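> Below you'll find start.tsv; it's TSV, C-alpha atoms.
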chain	number	residue	atom	x	y	z
A	684	MET	CA	40.46	-29.71	127.85
A	685	GLU	CA	40.29	-26.51	125.83
A	686	ARG	CA	40.50	-23.36	127.90
A	687	ARG	CA	37.64	-20.87	127.62
A	688	THR	CA	39.61	-17.68	127.12
A	689	TYR	CA	36.51	-15.50	127.29
A	690	ILE	CA	35.98	-16.57	130.91
A	691	ASP	CA	39.52	-15.51	131.80
A	692	ASN	CA	38.97	-12.15	130.13
A	693	LEU	CA	35.59	-11.60	131.76
A	694	ARG	CA	37.10	-12.34	135.15
A	695	TRP	CA	40.04	-9.97	135.01
A	696	MET	CA	37.97	-7.23	133.38
A	697	THR	CA	35.44	-7.50	136.20
A	698	VAL	CA	38.23	-7.34	138.78
A	699	LEU	CA	39.43	-4.09	137.19
A	700	LEU	CA	35.85	-2.85	137.34
A	701	VAL	CA	35.81	-3.65	141.07
A	702	LEU	CA	38.99	-1.60	141.48
A	703	VAL	CA	37.50	1.42	139.68
A	704	TYR	CA	34.24	0.99	141.60
A	705	HIS	CA	36.06	1.22	144.93
A	706	VAL	CA	37.82	4.44	143.90
A	707	PHE	CA	34.45	6.09	143.17
A	708	TYR	CA	32.73	4.43	146.14
A	709	LEU	CA	35.19	5.92	148.64
A	710	PHE	CA	33.93	9.43	147.75
A	711	ASN	CA	30.24	8.58	147.28
A	712	ALA	CA	27.62	11.18	148.21
A	713	GLU	CA	24.86	8.67	148.96
A	714	GLY	CA	26.03	7.83	152.47
A	715	VAL	CA	27.06	4.27	151.64
A	716	PHE	CA	28.86	2.94	154.70
A	717	GLY	CA	32.68	3.03	154.55
A	718	GLY	CA	33.28	6.06	152.34
A	719	ILE	CA	35.52	8.95	153.38
A	720	GLY	CA	33.14	11.67	152.27
A	721	PRO	CA	31.91	13.32	149.05
A	722	PHE	CA	33.25	16.30	147.16
A	723	ALA	CA	29.75	17.79	146.85
A	724	GLU	CA	26.22	17.17	148.10
A	725	VAL	CA	25.16	15.95	144.66
A	726	GLN	CA	27.74	14.11	142.56
A	727	TYR	CA	26.90	12.96	139.06
A	728	GLN	CA	30.21	11.11	138.95
A	729	ASP	CA	28.52	8.64	141.30
A	730	ILE	CA	26.37	7.38	138.42
A	731	PRO	CA	28.91	4.61	137.58
A	732	LEU	CA	28.27	3.20	141.06
A	733	TYR	CA	24.61	2.70	140.17
A	734	LEU	CA	25.52	1.18	136.82
A	735	VAL	CA	27.81	-1.56	138.15
A	736	TYR	CA	27.00	-2.30	141.80
A	737	PRO	CA	23.90	-4.49	141.26
A	738	TRP	CA	25.57	-6.98	138.91
A	739	PHE	CA	29.36	-7.14	138.82
A	740	MET	CA	29.79	-9.41	141.85
A	741	LEU	CA	26.91	-11.60	140.68
A	742	LEU	CA	28.79	-12.02	137.40
A	743	LEU	CA	31.89	-13.17	139.29
A	744	PHE	CA	29.84	-15.80	141.14
A	745	VAL	CA	28.24	-17.06	137.92
A	746	VAL	CA	31.68	-17.27	136.29
A	747	ALA	CA	33.01	-19.06	139.39
A	748	GLY	CA	30.20	-21.62	139.09
A	749	MET	CA	31.08	-22.26	135.45
A	750	SER	CA	34.76	-22.61	136.31
A	751	SER	CA	33.94	-25.02	139.16
A	752	ARG	CA	32.16	-27.32	136.71
A	753	TRP	CA	35.10	-27.39	134.35
A	754	SER	CA	37.58	-27.79	137.20
A	755	LEU	CA	35.74	-30.81	138.57
A	756	GLU	CA	35.46	-32.32	135.10
A	757	LYS	CA	39.20	-31.92	134.67
A	758	MET	CA	39.87	-33.56	138.04
A	759	GLU	CA	37.60	-36.49	137.18
A	760	SER	CA	39.18	-36.89	133.73
A	761	LYS	CA	42.56	-37.49	135.36
A	762	GLY	CA	41.26	-40.68	136.89
A	763	GLY	CA	40.08	-41.61	140.34
A	764	SER	CA	36.64	-41.72	141.86
A	765	ARG	CA	34.09	-38.95	142.07
A	766	ARG	CA	34.76	-38.86	145.80
A	767	GLU	CA	38.47	-38.30	145.22
A	768	ALA	CA	37.66	-35.46	142.81
A	769	HIS	CA	35.52	-33.89	145.53
A	770	ARG	CA	38.35	-34.18	148.04
A	771	ARG	CA	40.82	-32.56	145.67
A	772	PHE	CA	38.32	-29.82	144.85
A	773	VAL	CA	37.68	-29.01	148.53
A	774	ARG	CA	41.41	-29.04	149.32
A	775	SER	CA	42.24	-26.72	146.43
A	776	ARG	CA	39.39	-24.31	147.25
A	777	THR	CA	40.31	-24.29	150.94
A	778	LEU	CA	43.90	-23.35	150.12
A	779	LYS	CA	42.93	-20.77	147.53
A	780	LEU	CA	39.92	-19.22	149.25
A	781	LEU	CA	39.75	-19.97	152.97
A	782	VAL	CA	43.40	-19.39	153.83
A	783	PRO	CA	43.57	-15.89	152.26
A	784	SER	CA	40.23	-14.89	153.78
A	785	THR	CA	41.20	-15.97	157.31
A	786	ILE	CA	44.97	-16.08	157.80
A	787	GLY	CA	45.35	-13.19	155.37
A	788	LEU	CA	43.26	-10.97	157.65
A	789	PHE	CA	45.94	-11.13	160.34
A	790	VAL	CA	48.88	-10.85	157.95
A	791	TYR	CA	47.78	-8.01	155.64
A	792	HIS	CA	44.20	-6.82	155.97
A	793	TRP	CA	44.48	-5.69	159.60
A	794	MET	CA	46.12	-2.59	158.11
A	795	THR	CA	42.85	-1.79	156.35
A	796	GLY	CA	41.12	-2.19	159.70
A	797	TRP	CA	43.66	0.17	161.27
A	798	LEU	CA	42.89	2.80	158.62
A	799	ASN	CA	39.17	2.32	159.17
A	800	MET	CA	39.59	2.85	162.90
A	801	ASN	CA	42.20	5.60	163.03
A	802	ALA	CA	42.18	7.53	159.77
A	803	MET	CA	38.51	7.04	158.89
A	804	GLY	CA	37.01	7.77	162.30
A	805	GLY	CA	36.02	4.25	163.33
A	806	TYR	CA	35.32	3.46	166.97
A	807	MET	CA	37.60	1.28	169.09
A	808	PRO	CA	36.69	0.85	172.80
A	809	GLU	CA	39.38	1.97	175.23
A	810	GLY	CA	41.27	-0.42	177.48
A	811	LEU	CA	40.97	-3.54	175.36
A	812	PRO	CA	43.87	-6.05	175.43
A	813	PHE	CA	46.20	-5.90	172.43
A	814	ALA	CA	45.06	-9.31	171.16
A	815	VAL	CA	41.42	-8.24	171.19
A	816	ARG	CA	42.22	-4.92	169.48
A	817	PHE	CA	44.22	-6.72	166.81
A	818	PHE	CA	41.39	-9.18	166.20
A	819	ILE	CA	38.96	-6.27	165.76
A	820	LEU	CA	41.33	-4.57	163.31
A	821	ALA	CA	41.64	-7.80	161.31
A	822	PHE	CA	37.88	-8.34	161.24
A	823	THR	CA	37.08	-4.78	160.22
A	824	GLY	CA	39.74	-5.01	157.49
A	825	CYS	CA	37.90	-7.81	155.70
A	826	GLY	CA	36.81	-5.50	152.88
A	827	PRO	CA	36.29	-7.33	149.57
A	828	LEU	CA	37.32	-10.69	151.06
A	829	TRP	CA	33.62	-11.40	151.68
A	830	PHE	CA	33.53	-12.61	148.07
A	831	ILE	CA	36.04	-15.43	148.55
A	832	GLN	CA	34.51	-16.32	151.93
A	833	ASP	CA	31.16	-16.81	150.21
A	834	LEU	CA	32.86	-18.68	147.37
A	835	TRP	CA	34.56	-21.13	149.73
A	836	LEU	CA	31.22	-21.90	151.40
A	837	PHE	CA	29.56	-22.35	148.01
A	838	SER	CA	32.30	-24.79	146.97
A	839	LEU	CA	31.52	-26.97	149.99
A	840	LEU	CA	27.78	-26.77	149.34
A	841	LEU	CA	28.35	-27.70	145.70
A	842	VAL	CA	30.00	-30.95	146.78
A	843	VAL	CA	26.91	-31.71	148.88
A	844	VAL	CA	24.60	-30.94	145.95
A	845	ARG	CA	26.69	-33.16	143.66
A	846	TRP	CA	26.54	-35.95	146.23
A	847	ILE	CA	22.74	-35.70	146.37
A	848	ASP	CA	22.50	-35.61	142.57
A	849	GLY	CA	25.02	-38.42	142.12
A	850	LYS	CA	24.00	-39.15	138.52
A	851	ASP	CA	24.23	-35.53	137.39
A	852	ARG	CA	20.59	-35.43	136.28
A	853	LEU	CA	20.23	-31.69	136.90
A	854	TYR	CA	23.24	-30.89	134.73
A	855	ARG	CA	21.92	-33.01	131.87
A	856	PHE	CA	18.47	-31.47	132.26
A	857	CYS	CA	19.89	-27.96	131.95
A	858	GLY	CA	21.90	-29.11	128.95
A	859	ARG	CA	18.70	-29.80	127.04
A	860	LEU	CA	18.34	-26.06	126.59
A	861	SER	CA	21.15	-26.23	124.04
A	862	GLU	CA	18.80	-28.19	121.72
A	863	MET	CA	16.56	-25.13	121.41
A	864	SER	CA	16.98	-22.04	119.25
A	865	GLY	CA	19.11	-19.10	120.32
A	866	ILE	CA	16.02	-16.95	120.85
A	867	THR	CA	14.41	-19.60	123.07
A	868	VAL	CA	17.59	-20.00	125.10
A	869	THR	CA	17.76	-16.24	125.58
A	870	VAL	CA	14.10	-15.95	126.63
A	871	VAL	CA	14.49	-18.76	129.17
A	872	ALA	CA	17.69	-17.21	130.52
A	873	MET	CA	16.04	-13.81	130.85
A	874	ALA	CA	13.05	-15.36	132.60
A	875	LEU	CA	15.43	-16.53	135.33
A	876	ALA	CA	15.41	-12.90	136.49
A	877	VAL	CA	12.20	-13.84	138.31
A	878	VAL	CA	14.09	-16.53	140.23
A	879	MET	CA	16.86	-14.08	141.13
A	880	TRP	CA	14.29	-11.57	142.36
A	881	LEU	CA	12.54	-14.20	144.49
A	882	VAL	CA	15.72	-15.40	146.18
A	883	ALA	CA	16.74	-11.78	146.82
A	884	GLN	CA	13.64	-11.41	148.99
A	885	ALA	CA	15.27	-13.70	151.54
A	886	HIS	CA	17.65	-10.88	152.47
A	887	VAL	CA	16.39	-8.30	154.91
A	888	ASN	CA	16.62	-4.59	154.26
A	889	PRO	CA	20.03	-3.77	155.70
A	890	ASP	CA	21.09	-1.49	158.48
A	891	PRO	CA	23.49	1.15	157.08
A	892	ASN	CA	26.18	-0.23	159.39
A	893	SER	CA	27.86	-3.01	157.40
A	894	PHE	CA	28.95	-4.73	160.60
A	895	SER	CA	25.42	-5.14	161.93
A	896	PRO	CA	23.75	-8.53	161.28
A	897	ALA	CA	21.43	-6.96	158.70
A	898	GLY	CA	24.28	-5.09	157.03
A	899	LEU	CA	26.43	-8.22	156.82
A	900	LEU	CA	23.53	-10.20	155.35
A	901	ASN	CA	23.08	-7.58	152.66
A	902	LEU	CA	26.81	-7.66	151.90
A	903	TYR	CA	27.19	-11.44	151.74
A	904	ARG	CA	23.71	-12.17	150.30
A	905	PRO	CA	24.45	-15.92	150.46
A	906	LEU	CA	21.26	-17.30	148.91
A	907	PHE	CA	21.21	-14.79	146.04
A	908	TYR	CA	24.82	-15.37	145.10
A	909	PHE	CA	24.63	-19.14	145.65
A	910	VAL	CA	21.77	-19.43	143.17
A	911	GLY	CA	23.86	-17.44	140.67
A	912	TYR	CA	26.79	-19.76	141.34
A	913	LEU	CA	24.63	-22.86	140.75
A	914	LEU	CA	23.20	-21.41	137.53
A	915	GLY	CA	26.75	-20.91	136.34
A	916	TYR	CA	27.63	-24.48	137.28
A	917	TYR	CA	24.56	-26.25	135.90
A	918	LEU	CA	23.42	-24.07	133.01
A	919	PHE	CA	26.02	-21.69	131.63
A	920	SER	CA	28.89	-24.18	131.82
A	921	HIS	CA	27.32	-25.91	128.79
A	922	ASP	CA	29.30	-24.64	125.83
A	923	ASP	CA	26.34	-25.12	123.49
A	924	VAL	CA	24.08	-23.06	125.76
A	925	MET	CA	26.63	-20.27	125.78
A	926	ALA	CA	26.95	-20.44	122.00
A	927	LYS	CA	23.18	-20.06	121.63
A	928	LEU	CA	23.06	-17.24	124.17
A	929	SER	CA	25.86	-15.36	122.41
A	930	GLU	CA	23.81	-15.34	119.19
A	931	GLN	CA	21.57	-12.75	120.88
A	932	TRP	CA	24.37	-10.65	122.37
A	933	ALA	CA	23.12	-7.41	120.77
A	934	ALA	CA	19.57	-7.82	122.10
A	935	LEU	CA	20.82	-8.69	125.57
A	936	LEU	CA	23.12	-5.69	125.56
A	937	ILE	CA	20.23	-3.39	124.63
A	938	PHE	CA	18.08	-4.82	127.42
A	939	ALA	CA	20.92	-4.46	129.93
A	940	VAL	CA	21.76	-0.87	128.97
A	941	THR	CA	18.09	0.12	129.08
A	942	ALA	CA	17.67	-1.46	132.51
A	943	ALA	CA	20.82	0.31	133.72
A	944	VAL	CA	19.56	3.72	132.60
A	945	VAL	CA	16.16	3.13	134.23
A	946	PHE	CA	17.80	1.98	137.46
A	947	ALA	CA	20.18	4.94	137.64
A	948	ILE	CA	17.41	7.47	136.95
A	949	THR	CA	15.02	5.84	139.42
A	950	TYR	CA	17.39	5.58	142.37
A	951	PHE	CA	19.94	8.34	141.83
A	952	GLY	CA	20.55	10.15	145.10
A	953	GLN	CA	19.53	7.12	147.18
A	954	ASP	CA	21.81	4.58	148.81
A	955	TYR	CA	22.14	2.12	145.91
A	956	THR	CA	23.08	-0.71	148.29
A	957	MET	CA	19.74	-0.39	150.12
A	958	VAL	CA	17.54	-1.40	147.18
A	959	SER	CA	19.03	-4.85	146.63
A	960	THR	CA	15.71	-6.68	147.12
A	961	HIS	CA	13.72	-4.53	144.69
A	962	ARG	CA	12.39	-6.25	141.58
A	963	ASP	CA	13.89	-3.80	139.09
A	964	THR	CA	17.29	-3.98	140.81
A	965	ASN	CA	17.56	-7.71	140.30
A	966	ILE	CA	16.11	-7.68	136.80
A	967	PHE	CA	18.78	-5.15	135.83
A	968	ALA	CA	21.46	-7.23	137.56
A	969	TRP	CA	20.46	-10.42	135.77
A	970	PHE	CA	20.15	-8.80	132.35
A	971	ALA	CA	23.60	-7.26	132.82
A	972	VAL	CA	25.10	-10.65	133.71
A	973	LEU	CA	23.53	-12.28	130.66
A	974	ALA	CA	24.77	-9.45	128.41
A	975	ALA	CA	28.28	-9.76	129.83
A	976	LEU	CA	28.32	-13.53	129.30
A	977	ALA	CA	26.94	-13.28	125.76
A	978	CYS	CA	29.23	-10.43	124.71
A	979	GLY	CA	32.18	-12.14	126.35
A	980	HIS	CA	31.54	-15.38	124.48
A	981	ARG	CA	31.10	-13.46	121.24
A	982	TRP	CA	33.95	-10.95	121.48
A	983	LEU	CA	36.46	-11.92	124.18
A	984	ASN	CA	37.92	-15.23	122.99
A	985	GLY	CA	41.24	-13.71	121.94
A	986	SER	CA	44.32	-13.17	124.06
A	987	ASN	CA	47.52	-11.17	124.07
A	988	ALA	CA	50.43	-10.65	126.45
A	989	PHE	CA	48.48	-8.20	128.63
A	990	SER	CA	45.35	-10.36	128.89
A	991	ARG	CA	47.42	-13.43	129.72
A	992	TYR	CA	49.22	-11.54	132.46
A	993	MET	CA	45.97	-10.18	133.84
A	994	THR	CA	44.55	-13.70	133.87
A	995	GLN	CA	47.45	-14.69	136.11
A	996	CYS	CA	47.42	-11.75	138.49
A	997	SER	CA	43.77	-10.57	138.69
A	998	TYR	CA	43.05	-12.71	141.77
A	999	GLY	CA	46.05	-11.22	143.56
A	1000	ILE	CA	45.03	-7.70	142.53
A	1001	TYR	CA	41.56	-8.33	143.94
A	1002	ILE	CA	43.02	-9.52	147.25
A	1003	VAL	CA	45.38	-6.57	147.84
A	1004	HIS	CA	43.81	-3.60	146.05
A	1005	TYR	CA	41.54	-2.18	148.74
A	1006	LEU	CA	44.29	-1.13	151.16
A	1007	PRO	CA	46.13	1.10	148.63
A	1008	ALA	CA	42.77	2.44	147.44
A	1009	LEU	CA	41.72	3.42	150.97
A	1010	ALA	CA	45.16	4.80	151.91
A	1011	GLY	CA	45.47	6.75	148.67
A	1012	ALA	CA	41.97	8.20	148.91
A	1013	PHE	CA	42.51	9.34	152.49
A	1014	THR	CA	45.92	10.85	151.72
A	1015	LEU	CA	44.81	12.75	148.62
A	1016	ARG	CA	41.65	14.02	150.25
A	1017	THR	CA	43.31	15.06	153.52
A	1018	PHE	CA	46.66	16.44	152.43
A	1019	THR	CA	46.03	17.90	148.97
A	1020	SER	CA	43.66	20.41	147.43
A	1021	LEU	CA	43.53	18.71	144.03
A	1022	PRO	CA	40.25	18.87	142.10
A	1023	ALA	CA	38.04	15.80	142.21
A	1024	VAL	CA	38.76	14.74	138.64
A	1025	ALA	CA	42.51	14.71	139.33
A	1026	ILE	CA	42.04	12.66	142.50
A	1027	TYR	CA	39.92	10.07	140.69
A	1028	ALA	CA	42.44	9.80	137.84
A	1029	ILE	CA	45.47	9.55	140.12
A	1030	LEU	CA	43.79	6.93	142.29
A	1031	VAL	CA	42.65	4.68	139.44
A	1032	VAL	CA	46.15	4.59	137.95
A	1033	SER	CA	48.05	4.36	141.23
A	1034	VAL	CA	45.83	1.72	142.82
A	1035	PHE	CA	46.27	-0.52	139.79
A	1036	ALA	CA	50.04	0.04	139.70
A	1037	VAL	CA	50.52	-0.43	143.44
A	1038	SER	CA	48.30	-3.53	143.49
A	1039	VAL	CA	50.34	-5.14	140.70
A	1040	ALA	CA	53.56	-4.24	142.52
A	1041	LEU	CA	52.23	-5.73	145.76
A	1042	TYR	CA	51.15	-8.89	143.98
A	1043	GLU	CA	54.52	-9.32	142.28
A	1044	THR	CA	56.33	-8.78	145.58
A	1045	ILE	CA	54.12	-10.96	147.76
A	1046	ARG	CA	54.00	-13.92	145.39
A	1047	ARG	CA	57.79	-14.20	145.66
A	1048	ILE	CA	57.75	-14.52	149.46
A	1049	PRO	CA	56.85	-18.12	150.48
A	1050	PHE	CA	54.79	-17.50	153.62
A	1051	LEU	CA	53.06	-14.38	152.31
A	1052	ARG	CA	52.05	-15.93	149.00
A	1053	TRP	CA	50.47	-18.80	150.95
A	1054	ALA	CA	48.72	-16.57	153.49
A	1055	LEU	CA	47.42	-13.96	151.02
A	1056	PHE	CA	47.00	-15.83	147.72
A	1057	GLY	CA	46.78	-19.49	148.73
A	1058	MET	CA	49.86	-20.31	146.63
A	1059	LYS	CA	52.11	-23.15	147.72
A	1060	ARG	CA	54.75	-22.63	145.09
A	1061	ARG	CA	55.91	-19.69	143.07
A	1062	LYS	CA	53.51	-19.86	140.18
A	1063	SER	CA	50.83	-17.76	138.57
A	1064	VAL	CA	47.45	-17.56	140.23
A	1065	ASN	CA	44.81	-19.37	138.19
A	1066	THR	CA	41.14	-19.24	139.17
A	1067	GLN	CA	39.59	-21.36	136.44
Can you turn what I pasted into structure tokens?

Amino acid sequence: MERRTYIDNLRWMTVLLVLVYHVFYLFNAEGVFGGIGPFAEVQYQDIPLYLVYPWFMLLLFVVAGMSSRWSLEKMESKGGSRREAHRRFVRSRTLKLLVPSTIGLFVYHWMTGWLNMNAMGGYMPEGLPFAVRFFILAFTGCGPLWFIQDLWLFSLLLVVVRWIDGKDRLYRFCGRLSEMSGITVTVVAMALAVVMWLVAQAHVNPDPNSFSPAGLLNLYRPLFYFVGYLLGYYLFSHDDVMAKLSEQWAALLIFAVTAAVVFAITYFGQDYTMVSTHRDTNIFAWFAVLAALACGHRWLNGSNAFSRYMTQCSYGIYIVHYLPALAGAFTLRTFTSLPAVAIYAILVVSVFAVSVALYETIRRIPFLRWALFGMKRRKSVNTQ
């Protein structure tokens, strides 16, 4: 089965965008929970947060849905029953997603929790037993692992959906869109923004505290992201649909950029994570995802040594990057008097370099590469 290189490139580019986002987020002036404090009351360097937050994780879920379709097709093509393919799929996703997002909390991410509690001014009740304190540190160090926790749950739900639709009628129905013109495909895809807005209404307006039930619901947004995952699986995994969509890449890019500018102007100065159920937020998010998919299909099918390496290590970078980002931000802000632009620049470069170094070190240690990356043997991480 031919590999879709543009999906690999979209994935690692989005992971790098997540890394840069977290550097800016840690100094945000909008009061988004978890930051270490702004440089000024009004910060125009926070604009990138508004431009990427609504859509970049949705893109990763859509891409994950597409990859799940191709992965299951590959498993079925190797022989065996549909049930056996489901078993292999669940086993592989459990190793790759559930182990790092559970065991990994107690092996690595508790250190993020420790920073949150001690360096960042978090609250830890006095007199708790060590085991309880350690559990709290691990839980509060979850950070970006919410993504792979959601993704593991979606993988299980996908097997249930495939079992209900045993003859794959929904996939074939979505495939009919490829018989239409590129403009029609694009219009239908854009109209799905209404669906994304409707499912977003299921999520309550969050409490600013990310560890409250409302805050966690806003972070995980299971229904919103699951619908995006299913659209990736059933609709955008059709190569012909993607080819038609990519014909209109320029128009989609214009729509996405326009929506981004409107969103940033409308909500600048507000907590951008608190408007996730608004209509214009989700229209912007969906247009941006479509533009990324179309432009990726049109322009990102090549590869070189760097892109191939990033394809291998981007998952590991995603897993480990938040701890060096948080530690570096706290250190530079507390113990230096560098200007903001220097701190941002140093952090972006150093977080990437340290994350790669951590990945290369951890993947060579048998237990750690299993606990943090879900790797049984010493081999490159592959998420497609």
> Need to verify the contact set: Ile948 in chain A, 10 Å, all atoms listed in the file, exclusion of same-chain residues closer than 4 positions in sequence. Can you return it as a list in words?
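Neighbouring residues, sequence-local ones excluded: Ile730, Tyr733, Ala942, Ala943, Val944 and Gly952 of chain A.
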> Report the distance between CA of Ser959 in chain A and CA of Leu918 in chain A in Å, rounded to one decimal place.
24.0 Å
> Measuring atom to atom with only C-alpha atoms, identify which of A:Val773, A:Ala885, A:Leu836, A:Met879 is nearest to Arg962 in chain A.
A:Met879
> Figure out the distance between CA of Leu983 in chain A and CA of Leu741 in chain A, please, to one decimal in Å.
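Pair CA of Leu741 in chain A / CA of Leu983 in chain A returns 19.1 Å.
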> Using all atoms listed in the file, find each residue in range 953-1030 of chain A having at least one atom no more than 12 Å away from range 799-821 of chain A; report its shortest atom-to-atom pair and that distance in Å (one decimal), rows by chain then rising number, as JSON lines.

{"residue": "A:Tyr1005", "atom": "CA", "partner": "A:Asn799", "partner_atom": "CA", "distance": 11.6}
{"residue": "A:Leu1006", "atom": "CA", "partner": "A:Asn799", "partner_atom": "CA", "distance": 10.1}
{"residue": "A:Leu1009", "atom": "CA", "partner": "A:Asn799", "partner_atom": "CA", "distance": 8.7}
{"residue": "A:Ala1010", "atom": "CA", "partner": "A:Ala802", "partner_atom": "CA", "distance": 8.8}
{"residue": "A:Gly1011", "atom": "CA", "partner": "A:Ala802", "partner_atom": "CA", "distance": 11.6}
{"residue": "A:Ala1012", "atom": "CA", "partner": "A:Met803", "partner_atom": "CA", "distance": 10.6}
{"residue": "A:Phe1013", "atom": "CA", "partner": "A:Ala802", "partner_atom": "CA", "distance": 7.5}
{"residue": "A:Thr1014", "atom": "CA", "partner": "A:Ala802", "partner_atom": "CA", "distance": 9.5}
{"residue": "A:Arg1016", "atom": "CA", "partner": "A:Ala802", "partner_atom": "CA", "distance": 11.5}
{"residue": "A:Thr1017", "atom": "CA", "partner": "A:Ala802", "partner_atom": "CA", "distance": 9.9}
> Range 824-829 of chain A: which residues within 8 Å, counting all atoms listed in the file, same-chain residues fewer than 2 positions away excluded, as a PyMOL selection string?
chain A and resi 784+788+792-797+799+820-822+831-833+902-903+1001-1002+1005
> Name all residues at most 9 Å from Ser986 in chain A (count only C-alpha atoms; drop same-chain ones fewer than 5 positions away) and give them as a ChimeraX atom specification.
/A:688-689,692,991
> What lies within 9 Å of range 1031-1037 of chain A using all atoms listed in the file, ignoring chain neighbours under 5 positions off, as number ranges by chain?
A: 699, 702-703, 706, 1000, 1004-1008, 1011, 1026, 1042
> So which one's closest to Val782 in chain A, A:Ala988, A:Gln726, A:Cys978, A:Trp835? Using only C-alpha atoms, please.
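Under the stated criterion, the closest residue is A:Trp835.
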